[in-house]
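Listing of upload_1.cif, mmCIF, C-alpha atoms and all ligand atoms
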data_final
#
loop_
_atom_site.group_PDB
_atom_site.id
_atom_site.type_symbol
_atom_site.label_atom_id
_atom_site.label_comp_id
_atom_site.auth_asym_id
_atom_site.auth_seq_id
_atom_site.Cartn_x
_atom_site.Cartn_y
_atom_site.Cartn_z
ATOM 1 C CA MET A 24 146.042 139.010 121.901
ATOM 2 C CA PRO A 25 148.388 138.635 118.920
ATOM 3 C CA THR A 26 146.331 138.075 115.820
ATOM 4 C CA GLU A 27 148.982 136.194 113.830
ATOM 5 C CA ALA A 28 149.213 133.337 116.361
ATOM 6 C CA ARG A 29 147.843 130.279 114.659
ATOM 7 C CA ALA A 30 147.375 126.738 115.898
ATOM 8 C CA LYS A 31 149.419 123.873 114.579
ATOM 9 C CA THR A 32 146.733 122.078 112.572
ATOM 10 C CA VAL A 33 146.897 118.291 112.464
ATOM 11 C CA ALA A 34 144.444 116.388 110.260
ATOM 12 C CA PHE A 35 143.703 112.702 110.829
ATOM 13 C CA VAL A 36 142.264 110.861 107.851
ATOM 14 C CA SER A 37 142.146 107.391 106.413
ATOM 15 C CA ALA A 38 142.234 106.063 102.884
ATOM 16 C CA ARG A 39 139.478 103.638 103.902
ATOM 17 C CA GLY A 40 136.764 103.838 106.542
ATOM 18 C CA GLY A 41 136.930 102.030 109.855
ATOM 19 C CA THR A 42 140.700 102.071 110.440
ATOM 20 C CA GLY A 43 140.373 103.916 113.750
ATOM 21 C CA THR A 44 140.796 107.528 112.605
ATOM 22 C CA THR A 45 138.227 108.901 115.052
ATOM 23 C CA THR A 46 139.556 106.825 117.961
ATOM 24 C CA VAL A 47 143.086 108.071 117.298
ATOM 25 C CA ALA A 48 142.159 111.713 116.577
ATOM 26 C CA THR A 49 139.925 112.160 119.651
ATOM 27 C CA ASN A 50 142.343 110.443 122.029
ATOM 28 C CA VAL A 51 145.386 112.295 120.747
ATOM 29 C CA GLY A 52 143.325 115.459 121.321
ATOM 30 C CA VAL A 53 142.472 114.336 124.858
ATOM 31 C CA ALA A 54 146.130 113.506 125.563
ATOM 32 C CA LEU A 55 147.304 116.905 124.345
ATOM 33 C CA ALA A 56 144.634 118.771 126.260
ATOM 34 C CA HIS A 57 145.322 116.866 129.470
ATOM 35 C CA TYR A 58 149.088 116.275 129.428
ATOM 36 C CA SER A 59 150.428 119.301 127.556
ATOM 37 C CA ARG A 60 150.012 122.991 128.067
ATOM 38 C CA ALA A 61 148.587 123.385 124.588
ATOM 39 C CA ARG A 62 145.129 124.865 124.169
ATOM 40 C CA THR A 63 143.692 122.049 122.092
ATOM 41 C CA LEU A 64 140.629 122.046 119.852
ATOM 42 C CA LEU A 65 139.077 119.123 118.013
ATOM 43 C CA LEU A 66 136.966 119.632 114.916
ATOM 44 C CA ASP A 67 135.036 116.570 113.805
ATOM 45 C CA LEU A 68 133.993 116.922 110.154
ATOM 46 C CA ASN A 69 132.036 113.656 109.838
ATOM 47 C CA VAL A 70 128.623 115.131 109.017
ATOM 48 C CA GLY A 71 125.822 112.626 109.594
ATOM 49 C CA ARG A 72 128.278 110.153 111.135
ATOM 50 C CA THR A 73 129.559 112.018 114.185
ATOM 51 C CA ILE A 74 130.617 109.668 116.977
ATOM 52 C CA THR A 75 132.795 112.089 118.936
ATOM 53 C CA ASP A 76 129.888 112.803 121.314
ATOM 54 C CA GLN A 77 129.792 109.168 122.390
ATOM 55 C CA LEU A 78 133.555 108.649 122.364
ATOM 56 C CA LEU A 79 134.113 111.592 124.684
ATOM 57 C CA ASP A 80 130.847 111.211 126.626
ATOM 58 C CA LEU A 81 129.861 114.780 125.802
ATOM 59 C CA PRO A 82 126.397 115.948 126.822
ATOM 60 C CA PRO A 83 124.194 115.161 123.782
ATOM 61 C CA ASP A 84 122.460 118.535 123.519
ATOM 62 C CA SER A 85 125.239 120.940 124.436
ATOM 63 C CA GLY A 86 126.959 123.315 122.055
ATOM 64 C CA GLY A 87 126.258 123.808 118.420
ATOM 65 C CA THR A 88 127.401 121.807 115.438
ATOM 66 C CA VAL A 89 129.171 122.661 112.215
ATOM 67 C CA VAL A 90 125.847 122.205 110.414
ATOM 68 C CA ASP A 91 124.172 124.694 112.810
ATOM 69 C CA LEU A 92 126.956 127.171 112.083
ATOM 70 C CA LEU A 93 126.606 127.062 108.288
ATOM 71 C CA PRO A 94 124.077 129.954 108.099
ATOM 72 C CA VAL A 95 126.246 132.041 110.449
ATOM 73 C CA LEU A 96 129.329 131.327 108.343
ATOM 74 C CA GLY A 97 127.324 132.347 105.290
ATOM 75 C CA GLU A 98 126.414 135.663 106.920
ATOM 76 C CA LEU A 99 130.055 136.267 107.789
ATOM 77 C CA ALA A 100 130.777 136.248 104.054
ATOM 78 C CA GLY A 101 134.268 134.794 104.181
ATOM 79 C CA GLU A 102 135.275 136.267 107.550
ATOM 80 C CA ALA A 103 136.468 133.805 110.191
ATOM 81 C CA PRO A 104 134.010 133.379 113.080
ATOM 82 C CA GLY A 105 135.129 134.994 116.342
ATOM 83 C CA ALA A 106 134.887 134.031 119.999
ATOM 84 C CA ASP A 107 131.237 135.170 120.187
ATOM 85 C CA VAL A 108 130.229 132.435 117.742
ATOM 86 C CA LEU A 109 132.747 129.695 118.601
ATOM 87 C CA ASP A 110 132.351 129.911 122.406
ATOM 88 C CA GLN A 111 128.726 128.925 122.021
ATOM 89 C CA ALA A 112 129.387 126.119 119.583
ATOM 90 C CA GLU A 113 132.346 124.381 121.217
ATOM 91 C CA VAL A 114 131.864 121.881 124.044
ATOM 92 C CA ALA A 115 134.513 121.373 126.720
ATOM 93 C CA HIS A 116 135.557 117.835 127.571
ATOM 94 C CA LEU A 117 136.850 117.303 131.109
ATOM 95 C CA SER A 118 140.387 116.801 129.767
ATOM 96 C CA GLY A 119 140.260 120.447 128.717
ATOM 97 C CA LEU A 120 139.822 119.522 125.053
ATOM 98 C CA LYS A 121 137.332 121.768 123.300
ATOM 99 C CA VAL A 122 135.257 120.039 120.685
ATOM 100 C CA LEU A 123 133.142 121.112 117.733
ATOM 101 C CA VAL A 124 131.197 118.251 116.183
ATOM 102 C CA ALA A 125 129.931 118.139 112.611
ATOM 103 C CA SER A 126 126.333 117.226 113.366
ATOM 104 C CA ARG A 127 124.110 115.370 115.788
ATOM 105 C CA THR A 128 121.762 113.776 113.317
ATOM 106 C CA ALA A 129 122.254 111.147 110.664
ATOM 107 C CA ASP A 130 121.068 113.558 107.954
ATOM 108 C CA ALA A 131 123.680 114.097 105.335
ATOM 109 C CA ALA A 132 124.545 117.738 104.738
ATOM 110 C CA THR A 133 127.403 119.119 102.752
ATOM 111 C CA ILE A 134 129.832 121.576 104.219
ATOM 112 C CA PRO A 135 130.950 123.969 101.507
ATOM 113 C CA GLU A 136 134.735 124.054 101.216
ATOM 114 C CA ASP A 137 134.801 127.813 101.879
ATOM 115 C CA ALA A 138 132.958 127.229 105.147
ATOM 116 C CA VAL A 139 135.617 124.721 106.225
ATOM 117 C CA ALA A 140 138.372 127.220 105.463
ATOM 118 C CA GLN A 141 136.488 129.928 107.398
ATOM 119 C CA LEU A 142 135.953 127.670 110.407
ATOM 120 C CA LEU A 143 139.567 126.514 110.436
ATOM 121 C CA ALA A 144 140.778 130.103 110.371
ATOM 122 C CA GLY A 145 138.497 131.011 113.302
ATOM 123 C CA MET A 146 139.410 127.948 115.343
ATOM 124 C CA ALA A 147 143.146 128.122 114.598
ATOM 125 C CA ALA A 148 143.238 131.685 115.934
ATOM 126 C CA ARG A 149 142.196 130.504 119.409
ATOM 127 C CA ALA A 150 144.255 127.357 119.960
ATOM 128 C CA ASP A 151 147.788 126.045 120.036
ATOM 129 C CA VAL A 152 146.865 122.733 118.445
ATOM 130 C CA LEU A 153 143.840 122.111 116.237
ATOM 131 C CA ILE A 154 143.017 118.453 115.583
ATOM 132 C CA LEU A 155 140.820 117.599 112.597
ATOM 133 C CA ASP A 156 138.905 114.343 112.175
ATOM 134 C CA VAL A 157 138.477 114.278 108.400
ATOM 135 C CA PRO A 158 135.991 111.825 106.831
ATOM 136 C CA SER A 159 137.250 109.441 104.162
ATOM 137 C CA SER A 160 134.557 110.714 101.803
ATOM 138 C CA PHE A 161 137.150 112.907 100.079
ATOM 139 C CA ASP A 162 134.634 115.524 99.058
ATOM 140 C CA PRO A 163 135.787 119.121 98.512
ATOM 141 C CA SER A 164 135.313 119.961 102.218
ATOM 142 C CA ALA A 165 137.601 117.081 103.224
ATOM 143 C CA PHE A 166 140.254 118.226 100.763
ATOM 144 C CA SER A 167 139.871 121.795 101.972
ATOM 145 C CA ALA A 168 140.630 120.598 105.539
ATOM 146 C CA LEU A 169 143.569 118.461 104.409
ATOM 147 C CA ASP A 170 144.919 121.334 102.401
ATOM 148 C CA ALA A 171 144.849 123.690 105.379
ATOM 149 C CA ALA A 172 146.587 121.254 107.736
ATOM 150 C CA ASP A 173 150.258 121.607 108.667
ATOM 151 C CA ARG A 174 150.443 117.885 109.257
ATOM 152 C CA VAL A 175 148.285 115.095 107.831
ATOM 153 C CA VAL A 176 148.314 111.760 109.631
ATOM 154 C CA VAL A 177 146.943 108.975 107.443
ATOM 155 C CA VAL A 178 145.638 106.256 109.763
ATOM 156 C CA ALA A 179 146.074 102.798 108.234
ATOM 157 C CA THR A 180 145.546 99.197 109.286
ATOM 158 C CA PRO A 181 147.944 96.441 108.185
ATOM 159 C CA ASP A 182 145.869 94.774 105.471
ATOM 160 C CA VAL A 183 146.800 94.872 101.799
ATOM 161 C CA PRO A 184 143.767 96.808 100.439
ATOM 162 C CA THR A 185 144.150 99.536 103.099
ATOM 163 C CA LEU A 186 147.927 99.709 102.642
ATOM 164 C CA LYS A 187 147.531 100.075 98.867
ATOM 165 C CA ARG A 188 145.076 102.920 99.247
ATOM 166 C CA THR A 189 147.135 104.502 102.017
ATOM 167 C CA LYS A 190 150.215 104.583 99.824
ATOM 168 C CA ALA A 191 148.261 106.197 96.983
ATOM 169 C CA LEU A 192 146.611 108.743 99.294
ATOM 170 C CA ALA A 193 149.894 109.715 100.971
ATOM 171 C CA GLN A 194 151.458 110.210 97.542
ATOM 172 C CA ARG A 195 148.525 112.290 96.338
ATOM 173 C CA LEU A 196 148.583 114.465 99.460
ATOM 174 C CA ARG A 197 152.337 114.999 99.183
ATOM 175 C CA GLU A 198 151.952 116.083 95.569
ATOM 176 C CA ALA A 199 149.192 118.498 96.562
ATOM 177 C CA LYS A 200 150.942 120.001 99.571
ATOM 178 C CA ALA A 201 153.440 122.762 98.993
ATOM 179 C CA ASP A 202 155.606 121.656 101.935
ATOM 180 C CA GLY A 203 155.691 118.138 100.511
ATOM 181 C CA ALA A 204 157.015 115.202 102.472
ATOM 182 C CA ALA A 205 157.349 117.003 105.808
ATOM 183 C CA GLY A 206 153.620 117.258 106.338
ATOM 184 C CA VAL A 207 152.269 113.785 105.604
ATOM 185 C CA ARG A 208 152.791 110.746 107.864
ATOM 186 C CA VAL A 209 151.324 107.253 108.214
ATOM 187 C CA ALA A 210 150.103 106.009 111.597
ATOM 188 C CA LEU A 211 149.662 102.260 111.709
ATOM 189 C CA ASN A 212 146.715 101.335 113.917
ATOM 190 C CA GLN A 213 146.241 97.741 115.035
ATOM 191 C CA ALA A 214 149.872 97.538 113.912
ATOM 192 C CA ASN A 215 150.431 94.080 115.376
ATOM 193 C CA GLY A 216 147.138 92.780 114.006
ATOM 194 C CA SER A 217 148.382 91.175 110.771
ATOM 195 C CA LYS A 218 149.032 87.459 110.580
ATOM 196 C CA GLU A 219 150.483 87.754 107.072
ATOM 197 C CA LEU A 220 152.655 90.866 107.134
ATOM 198 C CA SER A 221 155.559 91.796 109.372
ATOM 199 C CA LEU A 222 156.217 95.448 110.194
ATOM 200 C CA GLY A 223 159.229 95.327 107.872
ATOM 201 C CA GLN A 224 157.075 94.101 104.987
ATOM 202 C CA ILE A 225 154.408 96.722 105.711
ATOM 203 C CA GLU A 226 156.957 99.538 105.697
ATOM 204 C CA GLU A 227 158.619 98.212 102.573
ATOM 205 C CA PHE A 228 155.235 98.085 100.876
ATOM 206 C CA LEU A 229 154.414 101.647 101.964
ATOM 207 C CA GLY A 230 157.872 102.862 100.984
ATOM 208 C CA GLU A 231 158.206 104.668 104.321
ATOM 209 C CA GLU A 232 158.473 104.073 108.021
ATOM 210 C CA ALA A 233 155.312 104.163 110.084
ATOM 211 C CA TRP A 234 155.405 107.451 112.002
ATOM 212 C CA SER A 235 153.386 105.997 114.838
ATOM 213 C CA LEU A 236 152.474 102.439 115.849
ATOM 214 C CA LEU A 237 149.286 101.723 117.777
ATOM 215 C CA PRO A 238 148.592 98.185 118.984
ATOM 216 C CA VAL A 239 145.408 96.140 118.829
ATOM 217 C CA ALA A 240 143.678 96.583 122.177
ATOM 218 C CA LEU A 241 140.060 95.521 121.894
ATOM 219 C CA ASP A 242 139.015 96.058 125.494
ATOM 220 C CA GLU A 243 140.795 99.369 125.783
ATOM 221 C CA ALA A 244 139.368 100.646 122.480
ATOM 222 C CA ARG A 245 135.927 99.544 123.620
ATOM 223 C CA ARG A 246 136.320 101.335 126.942
ATOM 224 C CA TYR A 247 137.218 104.533 125.084
ATOM 225 C CA HIS A 248 133.707 104.328 123.663
ATOM 226 C CA ASP A 249 132.401 104.886 127.180
ATOM 227 C CA ARG A 250 134.247 107.785 128.715
ATOM 228 C CA ARG A 251 132.629 107.185 132.096
ATOM 229 C CA GLN A 252 135.030 104.252 132.360
ATOM 230 C CA ILE A 253 138.178 106.038 131.177
ATOM 231 C CA PRO A 254 137.599 109.785 131.495
ATOM 232 C CA VAL A 255 140.955 110.857 130.110
ATOM 233 C CA LEU A 256 143.485 108.302 128.835
ATOM 234 C CA ASP A 257 144.649 105.115 130.490
ATOM 235 C CA LEU A 258 148.428 105.319 130.367
ATOM 236 C CA ALA A 259 148.691 101.850 131.901
ATOM 237 C CA GLY A 260 147.182 100.270 128.798
ATOM 238 C CA PRO A 261 149.198 99.609 125.613
ATOM 239 C CA LEU A 262 146.826 101.672 123.450
ATOM 240 C CA GLY A 263 146.646 104.552 125.949
ATOM 241 C CA LYS A 264 150.437 104.644 126.105
ATOM 242 C CA ALA A 265 150.788 104.564 122.305
ATOM 243 C CA LEU A 266 148.229 107.364 121.946
ATOM 244 C CA TYR A 267 150.132 109.439 124.496
ATOM 245 C CA LEU A 268 153.378 108.868 122.596
ATOM 246 C CA THR A 269 151.657 109.842 119.337
ATOM 247 C CA ALA A 270 150.498 113.085 120.958
ATOM 248 C CA LEU A 271 154.038 113.676 122.232
ATOM 249 C CA LYS A 272 155.317 113.552 118.643
ATOM 250 C CA LEU A 273 153.026 116.455 117.859
ATOM 251 C CA HIS A 274 153.609 118.712 120.852
ATOM 252 C CA PRO A 275 155.728 118.800 124.038
ATOM 253 C CA MET A 276 154.006 117.351 127.102
ATOM 254 C CA LYS A 277 154.145 118.416 130.735
ATOM 255 C CA ARG A 278 157.112 116.880 132.498
ATOM 256 C CA LEU A 279 155.073 115.174 135.157
ATOM 257 C CA ALA A 280 153.621 112.623 132.770
ATOM 258 C CA LYS A 281 156.196 109.960 132.068
ATOM 259 C CA PRO A 282 154.664 106.749 130.827
ATOM 260 C CA LYS A 283 157.157 103.873 130.585
HETATM 261 N N1 LIG A 301 143.873 99.919 118.267
HETATM 262 C C1 LIG A 301 142.664 99.385 118.282
HETATM 263 N N2 LIG A 301 142.449 98.152 118.800
HETATM 264 C C2 LIG A 301 141.224 97.611 118.782
HETATM 265 N N3 LIG A 301 140.125 98.188 118.266
HETATM 266 C C3 LIG A 301 140.265 99.401 117.723
HETATM 267 C C4 LIG A 301 141.529 100.071 117.714
HETATM 268 N N4 LIG A 301 141.362 101.281 117.119
HETATM 269 C C5 LIG A 301 140.050 101.366 116.778
HETATM 270 N N5 LIG A 301 139.377 100.250 117.139
HETATM 271 C C6 LIG A 301 137.957 99.967 116.925
HETATM 272 O O1 LIG A 301 137.694 100.037 115.533
HETATM 273 C C7 LIG A 301 136.373 100.531 115.292
HETATM 274 C C8 LIG A 301 136.422 101.711 114.331
HETATM 275 O O2 LIG A 301 137.064 102.793 114.960
HETATM 276 P P1 LIG A 301 136.784 104.318 114.545
HETATM 277 O O3 LIG A 301 135.351 104.639 114.592
HETATM 278 O O4 LIG A 301 137.726 105.141 115.342
HETATM 279 O O5 LIG A 301 137.283 104.249 113.029
HETATM 280 P P2 LIG A 301 137.132 105.359 111.879
HETATM 281 O O6 LIG A 301 138.303 105.150 110.979
HETATM 282 O O7 LIG A 301 136.957 106.691 112.457
HETATM 283 O O8 LIG A 301 135.801 104.869 111.152
HETATM 284 P P3 LIG A 301 134.837 105.680 110.136
HETATM 285 O O9 LIG A 301 135.390 105.436 108.774
HETATM 286 O O10 LIG A 301 133.514 105.036 110.363
HETATM 287 O O11 LIG A 301 134.880 107.129 110.531
HETATM 288 C C9 LIG A 301 135.820 100.895 116.677
HETATM 289 O O12 LIG A 301 135.012 99.847 117.103
HETATM 290 C C10 LIG A 301 137.058 101.013 117.553
HETATM 291 O O13 LIG A 301 136.802 100.720 118.902
HETATM 292 MG MG MG A 302 135.553 108.178 112.088
#

Please go through the file and, once you have read it, give me the structure as structure tokens.
Ligand SMILES: Nc1ncnc2c1ncn2[C@@H]1O[C@H](COP(=O)(O)OP(=O)(O)OP(=O)(O)O)[C@@H](O)[C@H]1O
Ligand SMILES: [Mg+2]
Amino acid sequence: MPTEARAKTVAFVSARGGTGTTTVATNVGVALAHYSRARTLLLDLNVGRTITDQLLDLPPDSGGTVVDLLPVLGELAGEAPGADVLDQAEVAHLSGLKVLVASRTADAATIPEDAVAQLLAGMAARADVLILDVPSSFDPSAFSALDAADRVVVVATPDVPTLKRTKALAQRLREAKADGAAGVRVALNQANGSKELSLGQIEEFLGEEAWSLLPVALDEARRYHDRRQIPVLDLAGPLGKALYLTALKLHPMKRLAKPK
């Protein structure tokens, strides 16, 4: 296997909690795994607040967690973990998405930034696309993940406080990233949910076009919390379709899937 091959790494983050980052990140991962030929991995970095297990209906006691791996990463002294370690830690979702969750308890633990870099190197070597769900805690481990990503998608909702913080975060990330503007995009979730602001006003406020628009879809979003109801992605629903189209912007999909 060629050793230089490295996954396209896409980080999803929000300037404020609760905008839908995890919903968007997990479902874009599911869409890529199911409808593209990309080997897709999802790394959830929300230690103590992991909800990926429930969102994807993963067996609660399968696989390891990032917190479990910390001693192993320490022993590896800077080396990226190989298949022997990652195969045991990752859990496969039925879409084909492989998932590594941060933790399965509410206990707060800190992931050292070096450990994040190590993990990302190990995971990126075995995938085509690596999706990161980055917490809005903005601790060094979150910045380490954002720094390593080829593309950062800032998930925002159309309310003034979130838009203000989103604009500032996008600017900060662009200043920090060597490849500048190309890597950072804003996805507007619940895009049609504002009574006060039109899309034009939102984009004018942000100073950029929204890269992706995801509609309010309460029932659909709720059903994605119980994967027994929607195992993969419901392309008939407005949110499912928008998530598919968001995934398509990141990677080519199989031809057979053509949502209207
Ligand atoms: N497009 C949508 N339409 C309706 N509800 C949505 C939509 N997107 C997300 N939600 C709902 O918003 C809530 C928060 O979503 P989610 O947990 O994905 O946000 P988050 O940004 O990851 O939050 P946190 O900061 O806690 O990590 C959930 O109840 C989810 O179902
Ligand atoms: Mg989240």

Practice item. Would you mind listing the residues within 8 Å of ligand MG 302 (chain A), counting only C-alpha atoms and all ligand atoms, as an MDAnalysis selection string? Key: chainID A and resid 40:41 43:46 69 72:74 156:158

**Study point:** Evaluate the PyMOL selection byres (((chain A and resi 128) around 8) and not hetatm) and report residues as a list in words
**Key:** Gly71, Arg72, Ser126, Arg127, Ala129 and Asp130 of chain A

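Distance check against ligand LIG 301 (chain A) using only C-alpha atoms and all ligand atoms: of A:Thr269, A:Gln141, A:Gln213, A:Thr49, the minimum falls on A:Gln213.
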
Review point. Could you work out how far CA of Phe166 in chain A lies from CA of Ala201 in chain A, giving the answer in Å with one decimal?
Key: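 Answer for the CA of Ala201 in chain A to CA of Phe166 in chain A separation: 14.1 Å.
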
Review point. Any chance you could work out the residue set of the PyMOL selection byres (((chain A and resi 134) around 10) and not hetatm) here, as an MDAnalysis selection string?
Key: chainID A and resid 68:70 89:90 93 125 131:133 135:139 162:165

I need the chosen residues saved as a CSV table (one decimal), in the frame of the given file, with C-alpha atoms.
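Okay, this is what ended up in again-v3.csv:
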chain,number,residue,atom,x,y,z
A,68,LEU,CA,134.0,116.9,110.2
A,69,ASN,CA,132.0,113.7,109.8
A,70,VAL,CA,128.6,115.1,109.0
A,89,VAL,CA,129.2,122.7,112.2
A,90,VAL,CA,125.8,122.2,110.4
A,93,LEU,CA,126.6,127.1,108.3
A,125,ALA,CA,129.9,118.1,112.6
A,131,ALA,CA,123.7,114.1,105.3
A,132,ALA,CA,124.5,117.7,104.7
A,133,THR,CA,127.4,119.1,102.8
A,135,PRO,CA,131.0,124.0,101.5
A,136,GLU,CA,134.7,124.1,101.2
A,137,ASP,CA,134.8,127.8,101.9
A,138,ALA,CA,133.0,127.2,105.1
A,139,VAL,CA,135.6,124.7,106.2
A,162,ASP,CA,134.6,115.5,99.1
A,163,PRO,CA,135.8,119.1,98.5
A,164,SER,CA,135.3,120.0,102.2
A,165,ALA,CA,137.6,117.1,103.2

Practice item. Between A:Leu268, A:Leu241, A:Ile253, A:Val108, single out the one closest to ligand LIG 301 (chain A), counting only C-alpha atoms and all ligand atoms. Key: A:Leu241

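CA of Glu102 in chain A to CA of Ala147 in chain A spans 13.3 Å [interatomic distance, one decimal].
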
Practice item. Compare A:Thr63, A:Thr32, A:Gln111, A:Asn212 by their minimum atom-to-atom distance to ligand LIG 301 (chain A), counting only C-alpha atoms and all ligand atoms, and give me the closest one. Key: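 Using only C-alpha atoms and all ligand atoms, the shortest distance to ligand LIG 301 (chain A) belongs to A:Asn212.
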
Review point. Could you name the residues that touch Val36 in chain A at 10 Å or less, counting only C-alpha atoms, but leaving out those on the same chain fewer than 3 positions away, as a list in words?
Key: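 Using only C-alpha atoms, the neighbours found are Val33, Arg39, Gly40, Thr42, Gly43, Thr44, Thr45, Val47, Ala48, Leu155, Asp156, Val157, Pro158, Ser159, Ser160, Phe161, Ala165, Leu169, Val175, Val176, Val177, Val178, Ala179, Thr189, Leu192, Val209 and Ala210 of chain A.
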
Exercise for review: Could you please determine the separation between CA of Leu55 in chain A and CA of Ser118 in chain A in Å, to one decimal place?
Suggested key: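 Taking CA of Leu55 in chain A and CA of Ser118 in chain A, their separation equals 8.8 Å.
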
**Study point:** Who sits within 10 Å of Leu271 in chain A, only C-alpha atoms, same chain under 3 positions skipped, as a PyMOL selection string
**Key:** chain A and resi 51+54-55+58-59+265-268+274-277

Review point. Within 10 Å of (143.6, 118.4, 124.7), in the coordinates the file gives, what residues turn up when you count only C-alpha atoms, written out as an MDAnalysis selection string?
Key: chainID A and resid 49:65 115:122 151:154 255 270

Once the PyMOL selection byres (((chain A and resi 106) around 12) and not hetatm) has been applied to the shown file, what residues remain in the selection, as a short mmCIF file (atom, residue, chain, number, x, y, z; two decimals) with C-alpha atoms, keeping the file's coordinate frame?
data_model
loop_
_atom_site.label_atom_id
_atom_site.label_comp_id
_atom_site.auth_asym_id
_atom_site.auth_seq_id
_atom_site.Cartn_x
_atom_site.Cartn_y
_atom_site.Cartn_z
CA ALA A 103 136.47 133.80 110.19
CA PRO A 104 134.01 133.38 113.08
CA GLY A 105 135.13 134.99 116.34
CA ASP A 107 131.24 135.17 120.19
CA VAL A 108 130.23 132.44 117.74
CA LEU A 109 132.75 129.70 118.60
CA ASP A 110 132.35 129.91 122.41
CA GLN A 111 128.73 128.93 122.02
CA ALA A 112 129.39 126.12 119.58
CA GLU A 113 132.35 124.38 121.22
CA LEU A 142 135.95 127.67 110.41
CA ALA A 144 140.78 130.10 110.37
CA GLY A 145 138.50 131.01 113.30
CA MET A 146 139.41 127.95 115.34
CA ALA A 147 143.15 128.12 114.60
CA ALA A 148 143.24 131.68 115.93
CA ARG A 149 142.20 130.50 119.41
CA ALA A 150 144.26 127.36 119.96
#

**Study point:** Nearest to ligand LIG 301 (chain A), chosen from A:Glu232, A:Asp91, A:Asp249, A:Asp182, with only C-alpha atoms and all ligand atoms counted in the distances
**Key:**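 Answer, going by the shortest atom-to-atom distance: A:Asp249.
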
Test item: axis-aligned box, all listed atoms of ligand LIG 301 (chain A), 6 Å on each side, centre and edges in Å rounded to one decimal, as lines of an AutoDock Vina configuration file:
center_x = 138.7
center_y = 102.4
center_z = 113.8
size_x = 22.4
size_y = 21.5
size_z = 22.1

Review point. Taking into account all atoms listed in the file, which residue in the set A:Leu99, A:Ile225, A:Leu81, A:Leu236 is nearest to ligand LIG 301 (chain A)?
Key: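 Nearest to ligand LIG 301 (chain A): A:Leu236.
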
Limit the output to N, CA and C atoms and give range 218-229 of chain A as a PDB file, in the first residue's frame.
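As a result, out-v7.pdb now contains:
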ATOM      1  N   LYS A 218     -36.810  34.370  11.008  1.00  0.00           N
ATOM      2  CA  LYS A 218     -37.952  35.229  10.638  1.00  0.00           C
ATOM      3  C   LYS A 218     -37.452  36.632  10.304  1.00  0.00           C
ATOM      4  N   GLU A 219     -36.286  36.984  10.841  1.00  0.00           N
ATOM      5  CA  GLU A 219     -35.790  38.364  10.683  1.00  0.00           C
ATOM      6  C   GLU A 219     -34.882  38.535   9.459  1.00  0.00           C
ATOM      7  N   LEU A 220     -34.067  37.524   9.175  1.00  0.00           N
ATOM      8  CA  LEU A 220     -33.020  37.718   8.170  1.00  0.00           C
ATOM      9  C   LEU A 220     -33.261  36.889   6.913  1.00  0.00           C
ATOM     10  N   SER A 221     -33.119  37.559   5.767  1.00  0.00           N
ATOM     11  CA  SER A 221     -33.186  36.813   4.502  1.00  0.00           C
ATOM     12  C   SER A 221     -31.804  36.210   4.235  1.00  0.00           C
ATOM     13  N   LEU A 222     -31.743  35.273   3.286  1.00  0.00           N
ATOM     14  CA  LEU A 222     -30.449  34.675   2.957  1.00  0.00           C
ATOM     15  C   LEU A 222     -29.478  35.752   2.470  1.00  0.00           C
ATOM     16  N   GLY A 223     -29.992  36.695   1.694  1.00  0.00           N
ATOM     17  CA  GLY A 223     -29.150  37.786   1.193  1.00  0.00           C
ATOM     18  C   GLY A 223     -28.535  38.579   2.344  1.00  0.00           C
ATOM     19  N   GLN A 224     -29.353  38.882   3.338  1.00  0.00           N
ATOM     20  CA  GLN A 224     -28.851  39.649   4.496  1.00  0.00           C
ATOM     21  C   GLN A 224     -27.830  38.830   5.292  1.00  0.00           C
ATOM     22  N   ILE A 225     -28.097  37.536   5.414  1.00  0.00           N
ATOM     23  CA  ILE A 225     -27.167  36.666   6.160  1.00  0.00           C
ATOM     24  C   ILE A 225     -25.807  36.645   5.464  1.00  0.00           C
ATOM     25  N   GLU A 226     -25.839  36.479   4.143  1.00  0.00           N
ATOM     26  CA  GLU A 226     -24.585  36.385   3.389  1.00  0.00           C
ATOM     27  C   GLU A 226     -23.852  37.729   3.374  1.00  0.00           C
ATOM     28  N   GLU A 227     -24.612  38.791   3.327  1.00  0.00           N
ATOM     29  CA  GLU A 227     -23.991  40.116   3.367  1.00  0.00           C
ATOM     30  C   GLU A 227     -23.311  40.324   4.721  1.00  0.00           C
ATOM     31  N   PHE A 228     -24.008  39.899   5.766  1.00  0.00           N
ATOM     32  CA  PHE A 228     -23.451  40.011   7.114  1.00  0.00           C
ATOM     33  C   PHE A 228     -22.167  39.192   7.248  1.00  0.00           C
ATOM     34  N   LEU A 229     -22.209  37.958   6.714  1.00  0.00           N
ATOM     35  CA  LEU A 229     -21.027  37.081   6.811  1.00  0.00           C
ATOM     36  C   LEU A 229     -19.894  37.566   5.910  1.00  0.00           C
TER      37      LEU A 229
END
